[in-house]
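Student: Got a structure here, written out as structure tokens. Questions coming.
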Amino acid sequence: MCGIVGYIGKKQATPILMEGLSKLEYRGYDSAGVAVHHGDSIKMVKAQGKLVNLAKRLEETPLSGTLGIGHTRWATHGAPSDINSHPHMSEDKMIAVVHNGIIENYLEIKEELEAKGYQFHSETDTETVALLLDYYYKRGNDFLESVFAVLERIEGAYALAILCKDDPDTLIAARKNCPLVIGQGEGENFIASDIPALLHHTRDVYFLDDHEVAVVKADSITIYNEQKQTVERDLFHVDWSVDAAEKGGYDHFMIKEINEQPKIVQELIAQRVDREKGEIRMDGISLTKADLEKIDRIYVVACGTAYHAGLYGKFLIEKICRIPVVADVASEFRYKDPILDEKTLVIVVSQSGETADTLEALRISKRHGARVLAIVNAVGSSIAREADDVFYILAGPEISVASTKAFTAQALSMALICSHIALMMGHMTKEEFMALCDEWEALPQKISHVLQKSLVEEGLAKKYKQSKNVFYIGRGVDYFVSMESSLKLKEIAYLHSEAYAAGELKHGPIAMIEDSTLVIALLTQEALFEKTLSNIKEVKARGAKVIAITQKGNTTAEGEVEDIIYIPQSSWMTAPLLANVTTQLFAYYVAKELGTDIDQPRNLAKSVTVE
Ligand code: M6R
């Protein structure tokens, strides 16, 4: 989605804005622009396409000044173009605005402003904000009063950064349902839609809450609530290293993040598992035994990859804790009038903690009295702040649009939470828990083993890169990993692929199987192995080429399939996570062979802050 940066201080703003925007490229965008206050005027340069186009324009038309705002746009209203790019300015360049989100009532305001003689040049909703600000400002309000007046009028979601020609010492930021952080420096301050854009300059940040406005000057930051009263906010220190948000010698963030998985799993287990006490450390989570006893239903709600991790969690909780769990995608959940009350636990899962649908699902759940536990990566994100309890997955910044390490950490967090519930509710003995701890502690080494053998997936990617249709099949937990694997191939390699419960194939999709259709079969579950093998035979009989992913030591599939990827021996609970690492690698290498933009796949955004 779109990205925002802003700077005020003593240094030249343009290089800082451009560097910040480059750190937000991973969010996905199709045009970019900057506006800089030049003492007595605001100057702006914009360009369709990647930041390199904007950089070229800035060489031709340099912008000097120590106060500025920048933006990367992911088109919603109007095609990607120079004119639709942000910033948007009022006719006499009094006001400049960058905006993330969607102004839902912009047409109504646009008509009103047109009737007053205002002319619009772009197709965007954002231009409405710039012109409406201009309108209020010219009616005698000061800069801040004008911003408040606009916020009272606009509906929808926004993170805004605004400049006013008459006020060369002030940058104003506002937010509702879109993330915005303010970075505190010495004699300089920053704003950004996401922390990586600030990390080179400061690690001390304030998170703006919904309906808040910040007046940012070089040596002060003042935050106002909706009632225009100043509010105190704790400074948050970001402890990621700058390196965590850099490629570190890898070709892409995606492969770097895939390779980080052993370390992340090790750290998550070390932080959360207390072997001595025989329990999970649920730091900061106040779900007591009494709370759990009250709960008669669990929902797991998320989007995309996080939803697949949620499906894995649903399977575990039902199998081990014997509590009914409904898993739903957040965009459906929010509109289906779900059955929610104080006996419901809603587990929302989100890497970014900013996904609009998931955030709304959380809010609906809370409104109905349900208890919300969030499984989140981004510390201080909206979902983390609004949930009743937060379980951080501790995966560090995930930059690649295709989520990999977050999936593994989310799934493992689900397993940890499931064990916590099972221990509290008497569904797991201490011995069973210790056996699980052994499994989890062995997982980093097993993932490393899969990574060391990545030449296998690289070779298979070369062999099958021309496939037109790919089916991922599996049963039980393997089915959920099939869904995640299929999503990964689609989003970065743009290959059509589908995931099917292996036993469902014959109820329709088998009609699609023809000579050379690629079927990737996950067979990590010993109890279901023979069943899935039968399904492999069915597709083989119809001409499919099959790659099987199975546990080392079981050679039954040899002779039945074209290729086999062996994963280290593991329990039913952890083996699918290893299989998922192999399919992450396969998707990565297919995309590399096909030359796609792996870290920023077309049409996609890292953090989906619109519906
Ligand atoms: O930040 P979230 O975990 O809430 O994001 C949810 C999905 O948008 C995300 O997982 C998406 O499906 C990824 N591109 C998958 O790789």
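For the structure tokens, the naming scheme is as follows: chains receive sequential letters (A, B, ...) according to their order of presentation, residues are indexed from 1 within each chain, and ligands are indexed from 1 in presentation order.
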Would you write out, as CSV, a table of all residues in chain A that have an atom no more than 8 Å from an atom of ligand 1, listing for each the closest atom pair and the distance in Å to one decimal, considering only C-alpha atoms and all ligand atoms and ordering rows by chain and rising residue number?
Tutor:
```
residue,atom,partner,partner_atom_place_in_ligand_line,distance
A:Ala302,CA,ligand 1,4 (O),6.4
A:Cys303,CA,ligand 1,6 (C),4.5
A:Gly304,CA,ligand 1,12 (O),3.3
A:Thr305,CA,ligand 1,10 (O),3.7
A:Ala306,CA,ligand 1,3 (O),4.8
A:Tyr307,CA,ligand 1,10 (O),7.3
A:Val349,CA,ligand 1,3 (O),6.4
A:Ser350,CA,ligand 1,3 (O),3.5
A:Gln351,CA,ligand 1,3 (O),3.5
A:Ser352,CA,ligand 1,1 (O),3.6
A:Gly353,CA,ligand 1,1 (O),5.7
A:Glu354,CA,ligand 1,1 (O),6.3
A:Thr355,CA,ligand 1,4 (O),4.6
A:Thr358,CA,ligand 1,4 (O),6.6
A:Val376,CA,ligand 1,3 (O),7.8
A:Val401,CA,ligand 1,14 (N),5.1
A:Ala402,CA,ligand 1,16 (O),3.4
A:Ser403,CA,ligand 1,16 (O),3.8
A:Thr404,CA,ligand 1,16 (O),6.8
A:Ala406,CA,ligand 1,3 (O),7.7
A:Phe407,CA,ligand 1,10 (O),8.0
A:Leu487,CA,ligand 1,16 (O),7.0
A:Lys488,CA,ligand 1,16 (O),6.1
A:Glu491,CA,ligand 1,16 (O),7.1
A:Leu604,CA,ligand 1,14 (N),7.0
A:Ala605,CA,ligand 1,14 (N),7.0
A:Lys606,CA,ligand 1,14 (N),6.0
A:Ser607,CA,ligand 1,1 (O),5.4
A:Val608,CA,ligand 1,8 (O),5.7
```
Student: Any idea what's packed within 12 Å of Glu484 of chain A, counting only C-alpha atoms, ignoring anything in its chain fewer than 4 positions away? Could you give it as a JSON list (two decimals) with N, CA and C atoms, in the first residue's frame?
Tutor:
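Saved as selection-v6.json:
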```
[["chain", "number", "residue", "atom", "x", "y", "z"],
["A", 303, "CYS", "N", -6.23, -12.73, 7.32],
["A", 303, "CYS", "CA", -6.25, -12.66, 5.85],
["A", 303, "CYS", "C", -5.00, -13.34, 5.30],
["A", 304, "GLY", "N", -5.12, -13.85, 4.10],
["A", 304, "GLY", "CA", -3.96, -14.36, 3.34],
["A", 304, "GLY", "C", -3.17, -15.39, 4.10],
["A", 305, "THR", "N", -1.88, -15.19, 4.13],
["A", 305, "THR", "CA", -0.97, -16.12, 4.80],
["A", 305, "THR", "C", -1.31, -16.28, 6.28],
["A", 306, "ALA", "N", -1.66, -15.16, 6.91],
["A", 306, "ALA", "CA", -1.98, -15.22, 8.34],
["A", 306, "ALA", "C", -3.21, -16.11, 8.56],
["A", 307, "TYR", "N", -4.13, -16.11, 7.59],
["A", 307, "TYR", "CA", -5.32, -16.98, 7.68],
["A", 307, "TYR", "C", -4.89, -18.45, 7.61],
["A", 308, "HIS", "N", -3.92, -18.73, 6.75],
["A", 308, "HIS", "CA", -3.47, -20.12, 6.64],
["A", 308, "HIS", "C", -2.82, -20.58, 7.95],
["A", 309, "ALA", "N", -2.06, -19.68, 8.57],
["A", 309, "ALA", "CA", -1.49, -20.02, 9.89],
["A", 309, "ALA", "C", -2.64, -20.23, 10.88],
["A", 310, "GLY", "N", -3.70, -19.44, 10.72],
["A", 310, "GLY", "CA", -4.88, -19.57, 11.59],
["A", 310, "GLY", "C", -5.56, -20.92, 11.41],
["A", 311, "LEU", "N", -5.61, -21.41, 10.15],
["A", 311, "LEU", "CA", -6.22, -22.72, 9.89],
["A", 311, "LEU", "C", -5.42, -23.83, 10.58],
["A", 312, "TYR", "N", -4.12, -23.66, 10.55],
["A", 312, "TYR", "CA", -3.24, -24.62, 11.24],
["A", 312, "TYR", "C", -3.59, -24.60, 12.74],
["A", 402, "ALA", "N", 5.73, -11.11, -0.03],
["A", 402, "ALA", "CA", 5.35, -12.51, 0.20],
["A", 402, "ALA", "C", 5.81, -12.90, 1.61],
["A", 403, "SER", "N", 4.85, -13.25, 2.41],
["A", 403, "SER", "CA", 5.14, -13.54, 3.81],
["A", 403, "SER", "C", 5.68, -14.96, 3.94],
["A", 404, "THR", "N", 6.83, -15.10, 4.59],
["A", 404, "THR", "CA", 7.41, -16.45, 4.76],
["A", 404, "THR", "C", 7.73, -16.70, 6.23],
["A", 407, "PHE", "N", 4.80, -16.53, 8.53],
["A", 407, "PHE", "CA", 3.91, -17.70, 8.56],
["A", 407, "PHE", "C", 4.42, -18.72, 9.56],
["A", 408, "THR", "N", 5.70, -19.03, 9.47],
["A", 408, "THR", "CA", 6.26, -20.05, 10.36],
["A", 408, "THR", "C", 6.11, -19.61, 11.81],
["A", 411, "ALA", "N", 2.37, -19.78, 12.83],
["A", 411, "ALA", "CA", 1.91, -21.17, 13.02],
["A", 411, "ALA", "C", 2.46, -21.71, 14.34],
["A", 472, "TYR", "N", -1.66, -28.00, -5.63],
["A", 472, "TYR", "CA", -1.05, -28.46, -4.38],
["A", 472, "TYR", "C", -2.12, -29.27, -3.67],
["A", 473, "ILE", "N", -1.77, -30.49, -3.29],
["A", 473, "ILE", "CA", -2.77, -31.30, -2.58],
["A", 473, "ILE", "C", -2.20, -31.85, -1.27],
["A", 474, "GLY", "N", -3.09, -32.06, -0.31],
["A", 474, "GLY", "CA", -2.67, -32.62, 0.96],
["A", 474, "GLY", "C", -3.91, -32.91, 1.79],
["A", 477, "VAL", "N", -3.42, -31.39, 8.18],
["A", 477, "VAL", "CA", -2.62, -30.16, 8.28],
["A", 477, "VAL", "C", -1.91, -29.86, 6.96],
["A", 478, "ASP", "N", -1.61, -30.93, 6.21],
["A", 478, "ASP", "CA", -0.95, -30.72, 4.90],
["A", 478, "ASP", "C", -1.83, -29.91, 3.95],
["A", 479, "TYR", "N", -3.13, -29.99, 4.13],
["A", 479, "TYR", "CA", -4.02, -29.23, 3.25],
["A", 479, "TYR", "C", -3.83, -27.73, 3.47],
["A", 480, "PHE", "N", -3.69, -27.33, 4.74],
["A", 480, "PHE", "CA", -3.52, -25.89, 5.01],
["A", 480, "PHE", "C", -2.19, -25.39, 4.46],
["A", 488, "LYS", "N", 1.76, -18.71, -2.29],
["A", 488, "LYS", "CA", 3.12, -18.20, -2.51],
["A", 488, "LYS", "C", 3.48, -18.25, -3.99],
["A", 489, "LEU", "N", 3.15, -19.37, -4.64],
["A", 489, "LEU", "CA", 3.50, -19.51, -6.07],
["A", 489, "LEU", "C", 2.75, -18.49, -6.91],
["A", 490, "LYS", "N", 1.46, -18.34, -6.60],
["A", 490, "LYS", "CA", 0.64, -17.36, -7.34],
["A", 490, "LYS", "C", 1.23, -15.96, -7.20],
["A", 491, "GLU", "N", 1.48, -15.56, -5.96],
["A", 491, "GLU", "CA", 1.76, -14.14, -5.76],
["A", 491, "GLU", "C", 3.13, -13.71, -6.27],
["A", 497, "SER", "N", -2.26, -21.49, -9.74],
["A", 497, "SER", "CA", -2.17, -22.71, -8.93],
["A", 497, "SER", "C", -3.35, -22.76, -7.97],
["A", 498, "GLU", "N", -3.71, -23.97, -7.59],
["A", 498, "GLU", "CA", -4.82, -24.14, -6.66],
["A", 498, "GLU", "C", -4.43, -25.15, -5.60],
["A", 499, "ALA", "N", -5.04, -24.99, -4.44],
["A", 499, "ALA", "CA", -4.82, -25.98, -3.39],
["A", 499, "ALA", "C", -6.10, -26.76, -3.20],
["A", 500, "TYR", "N", -5.97, -28.05, -3.10],
["A", 500, "TYR", "CA", -7.15, -28.89, -2.86],
["A", 500, "TYR", "C", -6.88, -29.91, -1.77],
["A", 522, "LEU", "N", 1.63, -33.04, -0.77],
["A", 522, "LEU", "CA", 2.25, -33.03, 0.56],
["A", 522, "LEU", "C", 1.81, -34.27, 1.31],
["A", 576, "PRO", "N", 4.60, -30.43, 8.73],
["A", 576, "PRO", "CA", 4.04, -29.54, 7.70],
["A", 576, "PRO", "C", 4.78, -28.21, 7.61],
["A", 577, "LEU", "N", 5.33, -27.76, 8.74],
["A", 577, "LEU", "CA", 6.07, -26.49, 8.72],
["A", 577, "LEU", "C", 7.36, -26.65, 7.91],
["A", 579, "ALA", "N", 7.66, -28.85, 5.42],
["A", 579, "ALA", "CA", 7.19, -28.95, 4.03],
["A", 579, "ALA", "C", 6.95, -27.55, 3.47],
["A", 580, "ASN", "N", 6.44, -26.67, 4.33],
["A", 580, "ASN", "CA", 6.16, -25.31, 3.87],
["A", 580, "ASN", "C", 7.44, -24.57, 3.48],
["A", 581, "VAL", "N", 8.53, -24.85, 4.19],
["A", 581, "VAL", "CA", 9.79, -24.20, 3.82],
["A", 581, "VAL", "C", 10.22, -24.66, 2.43],
["A", 582, "THR", "N", 10.00, -25.93, 2.13],
["A", 582, "THR", "CA", 10.38, -26.42, 0.78],
["A", 582, "THR", "C", 9.55, -25.72, -0.30],
["A", 583, "THR", "N", 8.27, -25.51, -0.02],
["A", 583, "THR", "CA", 7.43, -24.87, -1.06],
["A", 583, "THR", "C", 7.70, -23.36, -1.14],
["A", 584, "GLN", "N", 8.14, -22.77, -0.04],
["A", 584, "GLN", "CA", 8.59, -21.36, -0.12],
["A", 584, "GLN", "C", 9.78, -21.28, -1.08],
["A", 587, "ALA", "N", 8.69, -21.81, -4.75],
["A", 587, "ALA", "CA", 8.05, -20.61, -5.31],
["A", 587, "ALA", "C", 9.11, -19.54, -5.60]]
```
Student: Which neighbours of Arg371 of chain A fall inside 7 Å, counting only C-alpha atoms, when residues of the same chain fewer than 6 positions from it are skipped, and could you give them as an MDAnalysis selection string?
Tutor: chainID A and resid 342 344:346 388
Student: Please list as a list in words every residue within 8 Å of segment 248-257 of chain A, counting only C-alpha atoms and excluding residues in the same chain fewer than 4 positions away.
Tutor: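 Once the nearby chain positions are removed, what remains is Asp243, Gln261, Glu398, Ile399, Ser400, Val401, Ala402, Ser403, Thr404, Lys405, Leu585, Tyr588, Ile598 and Asp599 of chain A.
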Student: Please list as a PDB file with C-alpha atoms, in the first residue's frame every residue within 6 Å of Leu518 of chain A, counting only C-alpha atoms and excluding residues in the same chain fewer than 6 positions away.
Tutor:
```pdb
ATOM      1  CA  VAL A 470      -0.186 -26.263 -10.598  1.00  0.00           C
ATOM      2  CA  ALA A 544      -0.028 -35.324 -14.257  1.00  0.00           C
ATOM      3  CA  LYS A 545       3.592 -34.890 -13.269  1.00  0.00           C
ATOM      4  CA  VAL A 546       3.901 -35.196  -9.499  1.00  0.00           C
TER       5      VAL A 546
END
```
Student: Could you list, as a PyMOL selection string, every residue within 7 Å of segment 72-84 of chain A, counting only C-alpha atoms and ignoring same-chain residues fewer than 4 positions away?
Tutor: chain A and resi 1-4+21+28-33+46-48+122-125
Student: Just C-alpha atoms for this one: save the residues we selected as a compact mmCIF listing (two decimals), in the first residue's frame.
Tutor:
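Wrote it out as result_13.txt, contents follow:
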```
# COMPACT_ATOMS: atom_id res chain seq x y z
CA MET A 1 0.00 0.00 0.00
CA CYS A 2 0.96 3.65 -0.07
CA GLY A 3 3.83 4.98 2.02
CA ILE A 4 4.32 8.33 3.73
CA LEU A 21 10.59 6.25 0.55
CA GLY A 28 4.07 -1.90 -3.10
CA TYR A 29 3.46 1.28 -5.17
CA ASP A 30 3.10 2.56 -8.69
CA SER A 31 4.11 6.24 -8.47
CA ALA A 32 5.85 8.59 -6.08
CA GLY A 33 6.33 12.24 -5.26
CA LYS A 46 6.12 13.62 -8.92
CA ALA A 47 6.60 10.68 -11.27
CA GLN A 48 4.71 7.59 -12.29
CA SER A 122 -6.65 14.44 -10.63
CA GLU A 123 -9.04 11.52 -10.22
CA THR A 124 -8.00 10.98 -6.62
CA ASP A 125 -9.92 11.26 -3.39
```
Student: Residues of segment 381-467 of chain A classed as strand (DSSP E or B) by DSSP on the backbone are to be reported as a list in words.
Tutor: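 Secondary structure check on segment 381-467 of chain A, strand (DSSP E or B): Asp389, Val390, Phe391 and Tyr392 of chain A.
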